[in-house]
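Engineer: my_file-v5.tsv is the file, holding TSV, C-alpha atoms:
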chain	number	residue	atom	x	y	z
A	1	MET	CA	13.51	-5.82	22.02
A	2	LEU	CA	9.91	-6.21	20.85
A	3	ASN	CA	7.12	-6.10	23.39
A	4	GLU	CA	5.20	-9.37	23.14
A	5	LYS	CA	1.85	-8.48	24.67
A	6	ALA	CA	-1.28	-10.52	24.18
A	7	PRO	CA	-2.91	-9.99	20.78
A	8	THR	CA	-5.34	-7.09	20.57
A	9	THR	CA	-7.84	-9.08	18.48
A	10	THR	CA	-8.18	-12.80	17.86
A	11	SER	CA	-10.36	-13.21	14.79
A	12	GLY	CA	-11.67	-11.37	11.78
A	13	PHE	CA	-15.10	-9.90	11.12
A	14	ASP	CA	-16.79	-11.95	8.37
A	15	PHE	CA	-20.55	-11.33	8.42
A	16	PHE	CA	-21.20	-12.86	4.98
A	17	LYS	CA	-19.03	-15.96	5.60
A	18	LEU	CA	-16.46	-15.18	2.95
A	19	ASP	CA	-13.95	-17.41	4.71
A	20	SER	CA	-15.81	-20.35	3.21
A	21	PHE	CA	-14.53	-19.34	-0.24
A	22	LEU	CA	-10.88	-19.68	0.77
A	23	ASN	CA	-8.84	-22.77	0.08
A	24	ASP	CA	-6.49	-24.20	2.68
A	25	GLU	CA	-3.42	-22.44	1.31
A	26	GLN	CA	-5.11	-19.04	1.20
A	27	ARG	CA	-6.42	-19.52	4.72
A	28	ALA	CA	-2.97	-20.52	5.98
A	29	ILE	CA	-1.36	-17.43	4.46
A	30	ARG	CA	-4.09	-15.20	5.90
A	31	ASP	CA	-3.68	-16.75	9.34
A	32	ARG	CA	0.13	-16.39	9.31
A	33	VAL	CA	-0.12	-12.69	8.51
A	34	ARG	CA	-2.96	-12.17	10.99
A	35	GLU	CA	-0.99	-13.83	13.81
A	36	TYR	CA	2.09	-11.72	13.03
A	37	VAL	CA	0.03	-8.53	13.03
A	38	GLN	CA	-1.63	-9.40	16.32
A	39	SER	CA	1.43	-10.69	18.18
A	40	GLN	CA	4.13	-8.38	16.83
A	41	ILE	CA	2.85	-5.33	14.98
A	42	MET	CA	-0.08	-4.25	17.15
A	43	PRO	CA	1.77	-4.39	20.49
A	44	ASN	CA	4.86	-2.62	19.14
A	45	ILE	CA	3.96	-0.15	16.38
A	46	SER	CA	2.64	2.87	18.30
A	47	PRO	CA	5.98	4.15	19.68
A	48	TYR	CA	7.46	4.05	16.17
A	49	TRP	CA	4.43	5.92	14.84
A	50	ASP	CA	4.73	8.49	17.61
A	51	ARG	CA	8.43	9.07	16.86
A	52	ALA	CA	7.92	8.94	13.08
A	53	GLU	CA	10.55	6.20	12.98
A	54	PHE	CA	10.71	3.25	10.60
A	55	PRO	CA	10.22	-0.07	12.48
A	56	ARG	CA	12.89	-2.03	10.65
A	57	GLU	CA	12.69	-5.09	12.89
A	58	LEU	CA	8.92	-5.37	12.39
A	59	ALA	CA	9.28	-4.89	8.63
A	60	MET	CA	12.05	-7.47	8.32
A	61	GLY	CA	9.83	-9.99	10.10
A	62	LEU	CA	7.63	-10.09	6.99
A	63	ARG	CA	10.23	-12.18	5.15
A	64	ASP	CA	9.40	-15.17	7.34
A	65	LEU	CA	5.73	-15.14	6.31
A	66	GLY	CA	6.15	-16.30	2.70
A	67	ILE	CA	4.60	-13.16	1.22
A	68	ILE	CA	7.46	-11.10	-0.25
A	69	GLY	CA	7.08	-10.52	-3.97
A	70	GLY	CA	3.32	-10.92	-3.91
A	71	VAL	CA	2.00	-12.43	-7.13
A	72	ILE	CA	5.41	-12.69	-8.81
A	73	ARG	CA	6.33	-16.29	-9.57
A	74	GLY	CA	9.88	-17.56	-9.51
A	75	TYR	CA	13.03	-15.75	-8.39
A	76	GLY	CA	12.33	-16.75	-4.78
A	77	SER	CA	9.14	-14.69	-4.69
A	78	ALA	CA	5.96	-15.77	-2.96
A	79	GLY	CA	3.94	-16.46	-6.12
A	80	LEU	CA	0.65	-15.71	-4.38
A	81	ASP	CA	-2.65	-15.98	-6.20
A	82	PRO	CA	-4.64	-12.71	-6.36
A	83	LEU	CA	-6.95	-13.62	-3.46
A	84	ALA	CA	-4.06	-14.54	-1.18
A	85	MET	CA	-2.36	-11.28	-2.18
A	86	GLY	CA	-5.48	-9.31	-1.30
A	87	LEU	CA	-5.79	-11.04	2.05
A	88	VAL	CA	-2.18	-10.16	2.89
A	89	LYS	CA	-2.86	-6.49	2.22
A	90	TYR	CA	-6.11	-6.67	4.19
A	91	GLU	CA	-4.54	-8.23	7.28
A	92	LEU	CA	-1.50	-5.95	7.29
A	93	ALA	CA	-3.73	-2.89	6.97
A	94	LYS	CA	-5.83	-4.01	9.94
A	95	GLY	CA	-2.71	-3.62	12.03
A	96	ASP	CA	-0.82	-0.69	10.58
A	97	GLY	CA	-0.72	1.26	7.35
A	98	SER	CA	2.99	2.07	7.55
A	99	ILE	CA	4.02	-1.60	7.53
A	100	ASN	CA	1.49	-2.23	4.78
A	101	THR	CA	2.94	0.59	2.67
A	102	PHE	CA	6.49	-0.68	3.16
A	103	TYR	CA	5.31	-4.05	1.91
A	104	GLY	CA	3.25	-2.61	-0.96
A	105	VAL	CA	6.02	-0.35	-2.26
A	106	HIS	CA	8.64	-3.07	-2.08
A	107	SER	CA	6.66	-6.13	-3.22
A	108	GLY	CA	4.08	-4.40	-5.40
A	109	LEU	CA	5.43	-1.26	-7.02
A	110	ALA	CA	9.18	-1.97	-7.08
A	111	MET	CA	9.26	-5.74	-7.53
A	112	GLY	CA	6.10	-5.55	-9.62
A	113	SER	CA	7.71	-3.09	-12.04
A	114	ILE	CA	10.73	-5.36	-12.49
A	115	GLY	CA	8.56	-8.47	-12.71
A	116	LEU	CA	6.13	-7.04	-15.26
A	117	LEU	CA	8.38	-4.72	-17.23
A	118	GLY	CA	11.93	-5.99	-16.81
A	119	SER	CA	13.85	-8.39	-19.03
A	120	ASN	CA	14.65	-11.92	-17.91
A	121	GLU	CA	18.20	-10.80	-17.12
A	122	GLN	CA	16.92	-7.88	-15.03
A	123	ARG	CA	14.55	-10.13	-13.11
A	124	GLU	CA	17.35	-12.59	-12.39
A	125	ARG	CA	19.59	-9.73	-11.37
A	126	TRP	CA	17.34	-7.97	-8.85
A	127	LEU	CA	14.35	-10.05	-7.78
A	128	PRO	CA	16.02	-12.89	-5.80
A	129	ALA	CA	17.70	-10.50	-3.33
A	130	MET	CA	14.52	-8.43	-3.10
A	131	SER	CA	12.52	-11.59	-2.37
A	132	ARG	CA	14.80	-12.24	0.59
A	133	LEU	CA	14.55	-8.59	1.73
A	134	GLU	CA	18.30	-8.34	1.32
A	135	LYS	CA	17.63	-5.43	-1.02
A	136	ILE	CA	14.75	-3.00	-0.45
A	137	GLY	CA	13.02	-1.35	-3.38
A	138	ALA	CA	11.39	2.02	-3.96
A	139	PHE	CA	9.28	3.44	-6.81
A	140	GLY	CA	9.79	7.05	-7.91
A	141	LEU	CA	6.96	8.39	-10.05
A	142	THR	CA	5.29	11.33	-8.25
A	143	GLU	CA	6.89	14.77	-8.57
A	144	PRO	CA	6.39	18.03	-6.66
A	145	GLU	CA	4.44	19.54	-9.56
A	146	GLN	CA	3.18	16.30	-11.11
A	147	GLY	CA	1.02	14.29	-8.72
A	148	SER	CA	-2.25	13.24	-10.32
A	149	ASP	CA	-0.86	14.35	-13.70
A	150	ALA	CA	1.92	11.76	-13.51
A	151	VAL	CA	1.78	11.09	-17.25
A	152	HIS	CA	3.55	14.44	-17.80
A	153	VAL	CA	6.57	13.81	-15.58
A	154	ARG	CA	9.32	16.39	-15.94
A	155	THR	CA	12.24	14.18	-14.94
A	156	THR	CA	14.47	13.63	-17.97
A	157	ALA	CA	16.82	10.85	-19.07
A	158	ARG	CA	19.48	11.80	-21.60
A	159	LEU	CA	21.54	9.09	-23.28
A	160	ASP	CA	25.27	9.67	-22.89
A	161	GLY	CA	27.37	6.73	-24.12
A	162	ASP	CA	26.62	3.67	-22.02
A	163	HIS	CA	24.71	5.68	-19.37
A	164	TYR	CA	21.54	7.69	-19.04
A	165	VAL	CA	21.85	11.03	-17.26
A	166	LEU	CA	18.84	11.77	-15.03
A	167	ASN	CA	17.73	15.24	-13.97
A	168	GLY	CA	14.61	16.09	-12.00
A	169	THR	CA	12.82	15.76	-8.68
A	170	LYS	CA	10.48	13.24	-7.08
A	171	ARG	CA	8.27	13.60	-4.01
A	172	TRP	CA	6.45	11.33	-1.54
A	173	ILE	CA	8.66	8.37	-2.46
A	174	GLY	CA	8.10	5.58	0.07
A	175	ASN	CA	11.14	3.57	1.21
A	176	ALA	CA	13.50	5.93	-0.65
A	177	SER	CA	15.89	6.67	2.22
A	178	ILE	CA	16.20	2.99	3.19
A	179	ALA	CA	16.20	1.59	-0.36
A	180	ASP	CA	18.95	-0.38	-2.06
A	181	LEU	CA	17.44	0.36	-5.44
A	182	ILE	CA	15.01	3.01	-6.65
A	183	ILE	CA	13.06	2.85	-9.90
A	184	ILE	CA	12.90	6.38	-11.30
A	185	TRP	CA	10.34	7.11	-14.00
A	186	ALA	CA	11.43	9.64	-16.59
A	187	ARG	CA	11.16	10.60	-20.26
A	188	ASP	CA	14.06	10.18	-22.64
A	189	GLU	CA	15.05	12.52	-25.48
A	190	ASP	CA	12.57	10.78	-27.81
A	191	GLY	CA	9.74	11.41	-25.37
A	192	GLN	CA	9.50	7.74	-24.44
A	193	PHE	CA	8.59	6.84	-20.88
A	194	GLY	CA	11.00	4.63	-19.00
A	195	GLY	CA	11.92	3.14	-15.65
A	196	PHE	CA	15.56	3.61	-14.62
A	197	VAL	CA	16.93	1.59	-11.70
A	198	ILE	CA	19.34	3.45	-9.42
A	199	GLU	CA	21.36	0.97	-7.40
A	200	ASP	CA	23.00	1.71	-4.04
A	201	PRO	CA	21.47	5.21	-4.00
A	202	LYS	CA	23.33	6.34	-0.87
A	203	HIS	CA	26.56	6.36	-2.88
A	204	VAL	CA	25.36	7.85	-6.17
A	205	ALA	CA	26.79	11.23	-7.16
A	206	GLY	CA	24.22	13.96	-7.77
A	207	LEU	CA	21.43	12.14	-5.90
A	208	GLU	CA	19.90	13.71	-2.78
A	209	ILE	CA	17.25	12.00	-0.66
A	210	GLU	CA	15.54	13.86	2.17
A	211	ASP	CA	12.77	12.37	4.31
A	212	LEU	CA	9.57	14.39	4.65
A	213	THR	CA	8.58	15.31	8.20
A	214	GLY	CA	5.38	16.42	9.89
A	215	LYS	CA	3.02	13.81	8.42
A	216	ILE	CA	-0.21	13.12	10.31
A	217	GLY	CA	-0.69	9.66	8.81
A	218	LYS	CA	1.45	6.58	8.16
A	219	ARG	CA	4.13	8.19	10.26
A	220	ALA	CA	6.21	5.02	10.59
A	221	ILE	CA	6.89	4.75	6.86
A	222	LEU	CA	9.54	7.08	5.44
A	223	ASN	CA	8.54	9.18	2.42
A	224	ALA	CA	11.17	11.33	0.78
A	225	ASP	CA	11.98	14.07	-1.65
A	226	ILE	CA	14.49	12.97	-4.29
A	227	ARG	CA	16.61	15.47	-6.20
A	228	MET	CA	18.70	14.36	-9.18
A	229	LYS	CA	21.38	16.43	-10.86
A	230	ASP	CA	23.25	14.62	-13.63
A	231	VAL	CA	22.74	11.22	-12.00
A	232	ARG	CA	24.29	8.55	-14.18
A	233	VAL	CA	22.49	5.23	-14.60
A	234	PRO	CA	23.88	2.40	-16.77
A	235	VAL	CA	21.93	1.66	-19.95
A	236	ALA	CA	21.50	-1.90	-18.64
A	237	ASN	CA	19.48	-0.46	-15.75
A	238	ARG	CA	16.66	0.82	-17.94
A	239	LEU	CA	13.71	-1.56	-17.61
A	240	ALA	CA	13.37	-3.39	-20.90
A	241	LYS	CA	9.67	-3.07	-21.70
A	242	PRO	CA	8.07	0.28	-20.81
A	243	ARG	CA	8.04	2.93	-23.51
A	244	SER	CA	4.78	4.73	-22.64
A	245	PHE	CA	2.83	5.62	-19.53
A	246	LYS	CA	0.33	2.88	-20.42
A	247	ASP	CA	2.99	0.32	-19.51
A	248	THR	CA	3.46	1.89	-16.08
A	249	ALA	CA	-0.32	2.08	-15.68
A	250	LYS	CA	-0.37	-1.74	-15.57
A	251	VAL	CA	1.65	-1.59	-12.36
A	252	LEU	CA	-0.54	1.20	-11.00
A	253	ALA	CA	-3.74	-0.78	-11.70
A	254	LEU	CA	-2.36	-3.65	-9.64
A	255	GLY	CA	-1.52	-1.08	-6.99
A	256	ARG	CA	-5.13	0.11	-6.88
A	257	PHE	CA	-6.27	-3.48	-6.55
A	258	GLY	CA	-4.03	-3.77	-3.49
A	259	VAL	CA	-5.14	-0.43	-2.07
A	260	SER	CA	-8.78	-1.49	-2.33
A	261	TRP	CA	-7.97	-4.43	-0.07
A	262	GLU	CA	-5.91	-2.16	2.16
A	263	ALA	CA	-8.80	0.27	2.62
A	264	ALA	CA	-11.12	-2.60	3.53
A	265	GLY	CA	-8.59	-3.93	6.04
A	266	CYS	CA	-8.04	-0.52	7.61
A	267	ALA	CA	-11.80	-0.12	8.08
A	268	ALA	CA	-12.22	-3.65	9.39
A	269	GLY	CA	-9.42	-3.20	11.90
A	270	ALA	CA	-10.99	-0.03	13.27
A	271	PHE	CA	-14.44	-1.61	13.41
A	272	GLU	CA	-13.23	-4.72	15.24
A	273	LEU	CA	-11.49	-2.57	17.85
A	274	ALA	CA	-14.58	-0.37	18.29
A	275	LEU	CA	-16.87	-3.41	18.62
A	276	LYS	CA	-14.66	-4.96	21.28
A	277	TYR	CA	-14.48	-1.63	23.13
A	278	ALA	CA	-18.25	-1.10	23.00
A	279	LYS	CA	-18.87	-4.51	24.57
A	280	GLU	CA	-16.38	-3.89	27.38
A	281	ARG	CA	-16.75	-0.17	28.13
A	282	GLU	CA	-19.42	0.54	30.75
A	283	GLN	CA	-21.28	3.77	31.34
A	284	PHE	CA	-24.39	4.30	33.44
A	285	GLY	CA	-23.97	0.77	34.76
A	286	LYS	CA	-24.01	-1.14	31.48
A	287	PRO	CA	-21.87	-1.69	28.33
A	288	ILE	CA	-22.16	1.16	25.83
A	289	ALA	CA	-22.98	-1.49	23.20
A	290	SER	CA	-26.42	-1.66	24.81
A	291	PHE	CA	-27.25	1.91	23.72
A	292	GLN	CA	-29.14	2.40	20.48
A	293	LEU	CA	-26.89	5.18	19.18
A	294	ILE	CA	-23.80	3.02	19.62
A	295	GLN	CA	-25.49	0.05	17.94
A	296	GLN	CA	-26.34	2.30	15.00
A	297	LYS	CA	-22.67	3.17	14.59
A	298	LEU	CA	-21.67	-0.48	14.87
A	299	VAL	CA	-24.20	-1.56	12.24
A	300	GLU	CA	-23.11	1.25	9.90
A	301	MET	CA	-19.49	0.15	10.22
A	302	ALA	CA	-20.29	-3.55	9.86
A	303	THR	CA	-22.35	-2.93	6.73
A	304	GLU	CA	-19.72	-0.79	5.05
A	305	VAL	CA	-16.92	-3.24	5.87
A	306	THR	CA	-18.97	-6.12	4.47
A	307	ALA	CA	-19.67	-4.21	1.25
A	308	MET	CA	-15.98	-3.41	0.91
A	309	GLN	CA	-15.07	-7.06	1.42
A	310	LEU	CA	-17.53	-8.14	-1.27
A	311	ILE	CA	-16.10	-5.62	-3.76
A	312	CYS	CA	-12.60	-6.90	-3.05
A	313	PHE	CA	-13.58	-10.53	-3.50
A	314	GLN	CA	-15.28	-9.87	-6.83
A	315	LEU	CA	-12.39	-7.68	-8.05
A	316	THR	CA	-10.09	-10.59	-7.23
A	317	GLN	CA	-12.18	-12.93	-9.38
A	318	LEU	CA	-11.93	-10.43	-12.23
A	319	ILE	CA	-8.17	-10.09	-11.99
A	320	ALA	CA	-7.74	-13.86	-11.73
A	321	SER	CA	-9.72	-14.30	-14.97
A	322	ASP	CA	-7.84	-11.43	-16.67
A	323	GLN	CA	-11.02	-9.32	-16.85
A	324	MET	CA	-10.13	-6.46	-14.49
A	325	THR	CA	-9.97	-3.10	-16.21
A	326	GLU	CA	-8.38	0.14	-15.04
A	327	ALA	CA	-11.85	1.56	-14.38
A	328	MET	CA	-12.84	-1.45	-12.25
A	329	ALA	CA	-9.74	-1.04	-10.10
A	330	SER	CA	-10.44	2.69	-9.84
A	331	MET	CA	-14.07	2.14	-8.80
A	332	ALA	CA	-12.99	-0.27	-6.07
A	333	LYS	CA	-10.36	2.15	-4.80
A	334	TYR	CA	-12.76	5.10	-5.02
A	335	ASN	CA	-15.45	3.35	-3.00
A	336	ASN	CA	-13.29	1.65	-0.42
A	337	ALA	CA	-11.02	4.61	0.27
A	338	ARG	CA	-13.89	6.98	1.06
A	339	LYS	CA	-15.73	4.34	3.09
A	340	ALA	CA	-12.55	3.64	5.09
A	341	ARG	CA	-12.55	7.28	6.15
A	342	TYR	CA	-16.17	7.01	7.24
A	343	VAL	CA	-15.76	3.75	9.16
A	344	THR	CA	-12.58	4.78	10.98
A	345	GLN	CA	-14.20	8.06	12.03
A	346	LEU	CA	-17.24	6.20	13.37
A	347	ALA	CA	-14.91	3.85	15.24
A	348	ARG	CA	-13.14	6.82	16.80
A	349	GLU	CA	-16.51	8.32	17.81
A	350	THR	CA	-17.58	5.03	19.37
A	351	MET	CA	-14.51	5.04	21.59
A	352	GLY	CA	-15.00	8.65	22.67
A	353	GLY	CA	-11.93	10.37	24.11
A	354	ASN	CA	-10.10	7.05	24.36
A	355	GLY	CA	-10.28	6.83	20.59
A	356	LEU	CA	-7.85	9.76	20.39
A	357	LEU	CA	-5.04	7.81	22.04
A	358	ILE	CA	-2.71	5.96	19.68
A	359	GLU	CA	-2.30	3.22	22.29
A	360	ASN	CA	-5.86	2.23	21.40
A	361	HIS	CA	-4.91	2.03	17.69
A	362	VAL	CA	-8.07	3.50	16.12
A	363	ALA	CA	-6.64	7.02	15.85
A	364	ARG	CA	-3.67	5.61	13.96
A	365	LEU	CA	-5.94	3.67	11.61
A	366	MET	CA	-8.06	6.79	11.09
A	367	THR	CA	-5.04	8.74	9.85
A	368	ASP	CA	-4.04	5.75	7.72
A	369	ALA	CA	-7.41	6.09	6.02
A	370	GLU	CA	-6.63	9.72	5.19
A	371	VAL	CA	-3.49	8.62	3.37
A	372	ILE	CA	-5.31	5.82	1.53
A	373	TYR	CA	-7.87	8.35	0.32
A	374	THR	CA	-5.14	10.31	-1.48
A	375	TYR	CA	-2.48	7.92	-2.73
A	376	GLU	CA	-2.52	5.48	-5.68
A	377	GLY	CA	-4.53	8.19	-7.43
A	378	THR	CA	-6.60	10.67	-5.46
A	379	ASN	CA	-10.23	9.71	-5.13
A	380	GLU	CA	-11.17	12.50	-7.52
A	381	ILE	CA	-8.87	11.07	-10.20
A	382	ASN	CA	-10.21	7.56	-9.70
A	383	MET	CA	-13.75	8.89	-9.91
A	384	LEU	CA	-12.93	10.57	-13.24
A	385	LEU	CA	-11.41	7.37	-14.59
A	386	VAL	CA	-14.69	5.59	-13.87
A	387	GLY	CA	-16.65	8.49	-15.34
A	388	ARG	CA	-14.66	8.30	-18.56
A	389	GLU	CA	-15.40	4.57	-18.77
A	390	LEU	CA	-19.14	5.13	-18.24
A	391	THR	CA	-19.58	8.04	-20.65
A	392	GLY	CA	-16.73	7.73	-23.14
A	393	ILE	CA	-15.92	11.36	-22.34
A	394	SER	CA	-12.79	12.50	-20.53
A	395	ALA	CA	-13.53	15.17	-17.90
A	396	PHE	CA	-9.92	15.61	-16.77
A	397	THR	CA	-9.65	19.01	-18.45
Would you give me this structure, written as structure tokens?
Structural biologist:
Amino acid sequence: MLNEKAPTTTSGFDFFKLDSFLNDEQRAIRDRVREYVQSQIMPNISPYWDRAEFPRELAMGLRDLGIIGGVIRGYGSAGLDPLAMGLVKYELAKGDGSINTFYGVHSGLAMGSIGLLGSNEQRERWLPAMSRLEKIGAFGLTEPEQGSDAVHVRTTARLDGDHYVLNGTKRWIGNASIADLIIIWARDEDGQFGGFVIEDPKHVAGLEIEDLTGKIGKRAILNADIRMKDVRVPVANRLAKPRSFKDTAKVLALGRFGVSWEAAGCAAGAFELALKYAKEREQFGKPIASFQLIQQKLVEMATEVTAMQLICFQLTQLIASDQMTEAMASMAKYNNARKARYVTQLARETMGGNGLLIENHVARLMTDAEVIYTYEGTNEINMLLVGRELTGISAFT
């Protein structure tokens, strides 16, 4: 039974009046997600985080918000425009990074791979059930020895009659242990890059999935190691379009777009909580918001959040007009991920010792920011992608 406490926050910080740029549909989607976060996720997420347990009931509640599938059109998916999609990520991240990651992996990476790179038959086959959250998706790219260097994956796919035989390992795969289908990225015997969809993974011979334990951040989302020994996947389950890593990079660029919004939301959530706390917490006979040092922290946070919001809004305009490049997405992720760390730490400082308690949410958001800093390309990798764009010189080696 979910605990229906009063919402922790009631509105969103919007210093530069960006709400005025939203249309009615975008505002309605934003408000639906915000209300769900405030009434359901915020009052209920901390025990799951503490136990490192997936909050299935909270995650399944997302299907009633009209957001599953993100920007994919048709097949029962939400068909959101890029700004609405960004706002969904922003509002979910204000509440909890684990729920946001569940949504991003399923709707963005898994459904996005099928939507962008699958055939019409494959889309018809998998997307409708995924849109209804009847089937949960996962995306297996990262490997134990191939993180940032994902282009050189070691997982292999050997053609054997009407099946491919997969061998290799994957690591940090979100949703893997609860997934109904997992997209595994591997190279075939011709060196071509491909996505291979494993269906009903719990009953596939040669496939082992083991959840990672001991995480300090996003503890309520399950990440797993995947080991494959002669796993057979039907030829029909190879995604139709990708043949090189550049094809997969299209999905990853959209992921970085989403993570830029996520980082901004994580920071905004922490700031809003710290601002509310500073106005209510009294020391020496007056609210701590009346002290200059606290106001400095609040202004620092407010300024960084506003800058992050502006970057996200402009990036959305670029993607909507088909002008967003990989380097643009990387710059947005690079900036917003490091600023999310800074803002969430300032929020924790503002709340003093109470900021260390997960019941006050900021500590949880602070560890979410640590995860955001590293995934969807470490910040160092994203920085180098921007550097290559600026100079024309690759500094990866």
Engineer: Restricting the calculation to only C-alpha atoms: of A:Leu117, A:Ile216, A:Ile41, A:Cys266, which residue gets closest to Asn237 (chain A)?
Structural biologist: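 When distances to Asn237 (chain A) are compared using only C-alpha atoms, the smallest one comes from A:Leu117.
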Engineer: Any idea what's packed within 10 Å of Tyr36 (chain A), counting all atoms listed in the file, ignoring anything in its chain fewer than 6 positions away? Could you give it as a list in words?
Structural biologist: Pro7, Met42, Leu58, Gly61, Leu62, Asp64, Leu65, Glu91, Leu92 and Gly95 of chain A
Engineer: Using all atoms listed in the file, which protein or nucleic acid residues come within 10 Å of Ile99 (chain A)? Drop anything in the same chain fewer than 5 positions from it, and give the result as a PDB file with C-alpha atoms, in the coordinates of the input.
Structural biologist:
ATOM      1  CA  VAL A  37       0.030  -8.530  13.030  1.00  0.00           C
ATOM      2  CA  ILE A  41       2.850  -5.330  14.980  1.00  0.00           C
ATOM      3  CA  ILE A  45       3.960  -0.150  16.380  1.00  0.00           C
ATOM      4  CA  PHE A  54      10.710   3.250  10.600  1.00  0.00           C
ATOM      5  CA  PRO A  55      10.220  -0.070  12.480  1.00  0.00           C
ATOM      6  CA  ARG A  56      12.890  -2.030  10.650  1.00  0.00           C
ATOM      7  CA  LEU A  58       8.920  -5.370  12.390  1.00  0.00           C
ATOM      8  CA  ALA A  59       9.280  -4.890   8.630  1.00  0.00           C
ATOM      9  CA  MET A  60      12.050  -7.470   8.320  1.00  0.00           C
ATOM     10  CA  LEU A  62       7.630 -10.090   6.990  1.00  0.00           C
ATOM     11  CA  LYS A  89      -2.860  -6.490   2.220  1.00  0.00           C
ATOM     12  CA  LEU A  92      -1.500  -5.950   7.290  1.00  0.00           C
ATOM     13  CA  ALA A  93      -3.730  -2.890   6.970  1.00  0.00           C
ATOM     14  CA  GLY A 104       3.250  -2.610  -0.960  1.00  0.00           C
ATOM     15  CA  LYS A 218       1.450   6.580   8.160  1.00  0.00           C
ATOM     16  CA  ALA A 220       6.210   5.020  10.590  1.00  0.00           C
ATOM     17  CA  ILE A 221       6.890   4.750   6.860  1.00  0.00           C
TER      18      ILE A 221
END
Engineer: Can you tell me which residues surround Val235 (chain A) at a distance of at most 12 Å, considering all atoms listed in the file, apart from same-chain residues fewer than 6 positions away, and format the answer as a PyMOL selection string?
Structural biologist: chain A and resi 122+157-166+188+194-198
Engineer: Write to file, as a PDB file, keeping the file's coordinate frame, the residues of the selection just made, with C-alpha atoms.
Structural biologist:
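Result file follows (out.pdb):
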ATOM      1  CA  GLN A 122      16.920  -7.880 -15.030  1.00  0.00           C
ATOM      2  CA  ALA A 157      16.820  10.850 -19.070  1.00  0.00           C
ATOM      3  CA  ARG A 158      19.480  11.800 -21.600  1.00  0.00           C
ATOM      4  CA  LEU A 159      21.540   9.090 -23.280  1.00  0.00           C
ATOM      5  CA  ASP A 160      25.270   9.670 -22.890  1.00  0.00           C
ATOM      6  CA  GLY A 161      27.370   6.730 -24.120  1.00  0.00           C
ATOM      7  CA  ASP A 162      26.620   3.670 -22.020  1.00  0.00           C
ATOM      8  CA  HIS A 163      24.710   5.680 -19.370  1.00  0.00           C
ATOM      9  CA  TYR A 164      21.540   7.690 -19.040  1.00  0.00           C
ATOM     10  CA  VAL A 165      21.850  11.030 -17.260  1.00  0.00           C
ATOM     11  CA  LEU A 166      18.840  11.770 -15.030  1.00  0.00           C
ATOM     12  CA  ASP A 188      14.060  10.180 -22.640  1.00  0.00           C
ATOM     13  CA  GLY A 194      11.000   4.630 -19.000  1.00  0.00           C
ATOM     14  CA  GLY A 195      11.920   3.140 -15.650  1.00  0.00           C
ATOM     15  CA  PHE A 196      15.560   3.610 -14.620  1.00  0.00           C
ATOM     16  CA  VAL A 197      16.930   1.590 -11.700  1.00  0.00           C
ATOM     17  CA  ILE A 198      19.340   3.450  -9.420  1.00  0.00           C
TER      18      ILE A 198
END
Engineer: So which residues touch Glu280 (chain A) within 12 Å, counting all atoms listed in the file, skipping near sequence neighbours fewer than 6 positions away, as a PDB file with C-alpha atoms, in the frame of the given file?
Structural biologist:
ATOM      1  CA  LEU A 273     -11.490  -2.570  17.850  1.00  0.00           C
ATOM      2  CA  ALA A 274     -14.580  -0.370  18.290  1.00  0.00           C
ATOM      3  CA  LYS A 286     -24.010  -1.140  31.480  1.00  0.00           C
ATOM      4  CA  PRO A 287     -21.870  -1.690  28.330  1.00  0.00           C
ATOM      5  CA  ILE A 288     -22.160   1.160  25.830  1.00  0.00           C
ATOM      6  CA  ALA A 289     -22.980  -1.490  23.200  1.00  0.00           C
ATOM      7  CA  SER A 290     -26.420  -1.660  24.810  1.00  0.00           C
ATOM      8  CA  MET A 351     -14.510   5.040  21.590  1.00  0.00           C
TER       9      MET A 351
END
Engineer: Hey, which of A:Phe245, A:Phe139, A:Leu212, A:Ser177 ends up closest to His152 (chain A)? Count only C-alpha atoms.
Structural biologist: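 Going through A:Phe245, A:Phe139, A:Leu212, A:Ser177 one by one, the smallest distance to His152 (chain A) is for A:Phe245.
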Engineer: Do you know which residues are at most 7 Å from Ala327 (chain A) counting only C-alpha atoms, after dropping those on the same chain fewer than 5 positions away, and could you put them as a list of chain:residue names?
Structural biologist: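 Contacts, in chain order: A:Leu385, A:Val386, A:Glu389.
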Engineer: To one decimal place in Å, what is the distance between CA of Asn167 (chain A) and CA of Pro234 (chain A)?
Structural biologist: 14.5 Å
Engineer: How far is it from CA of Tyr75 (chain A) to CA of Leu127 (chain A), in Å with one decimal?
Structural biologist: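 Separating CA of Tyr75 (chain A) from CA of Leu127 (chain A) is a distance of 5.9 Å.
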Engineer: Return as JSON the box centre and box size in Å, one decimal, for an axis-aligned box around all listed atoms of region 66-71 of chain A padded by 3 Å per side.
Structural biologist:
{"center_x": 4.7, "center_y": -13.4, "center_z": -2.2, "size_x": 11.5, "size_y": 11.8, "size_z": 15.8}
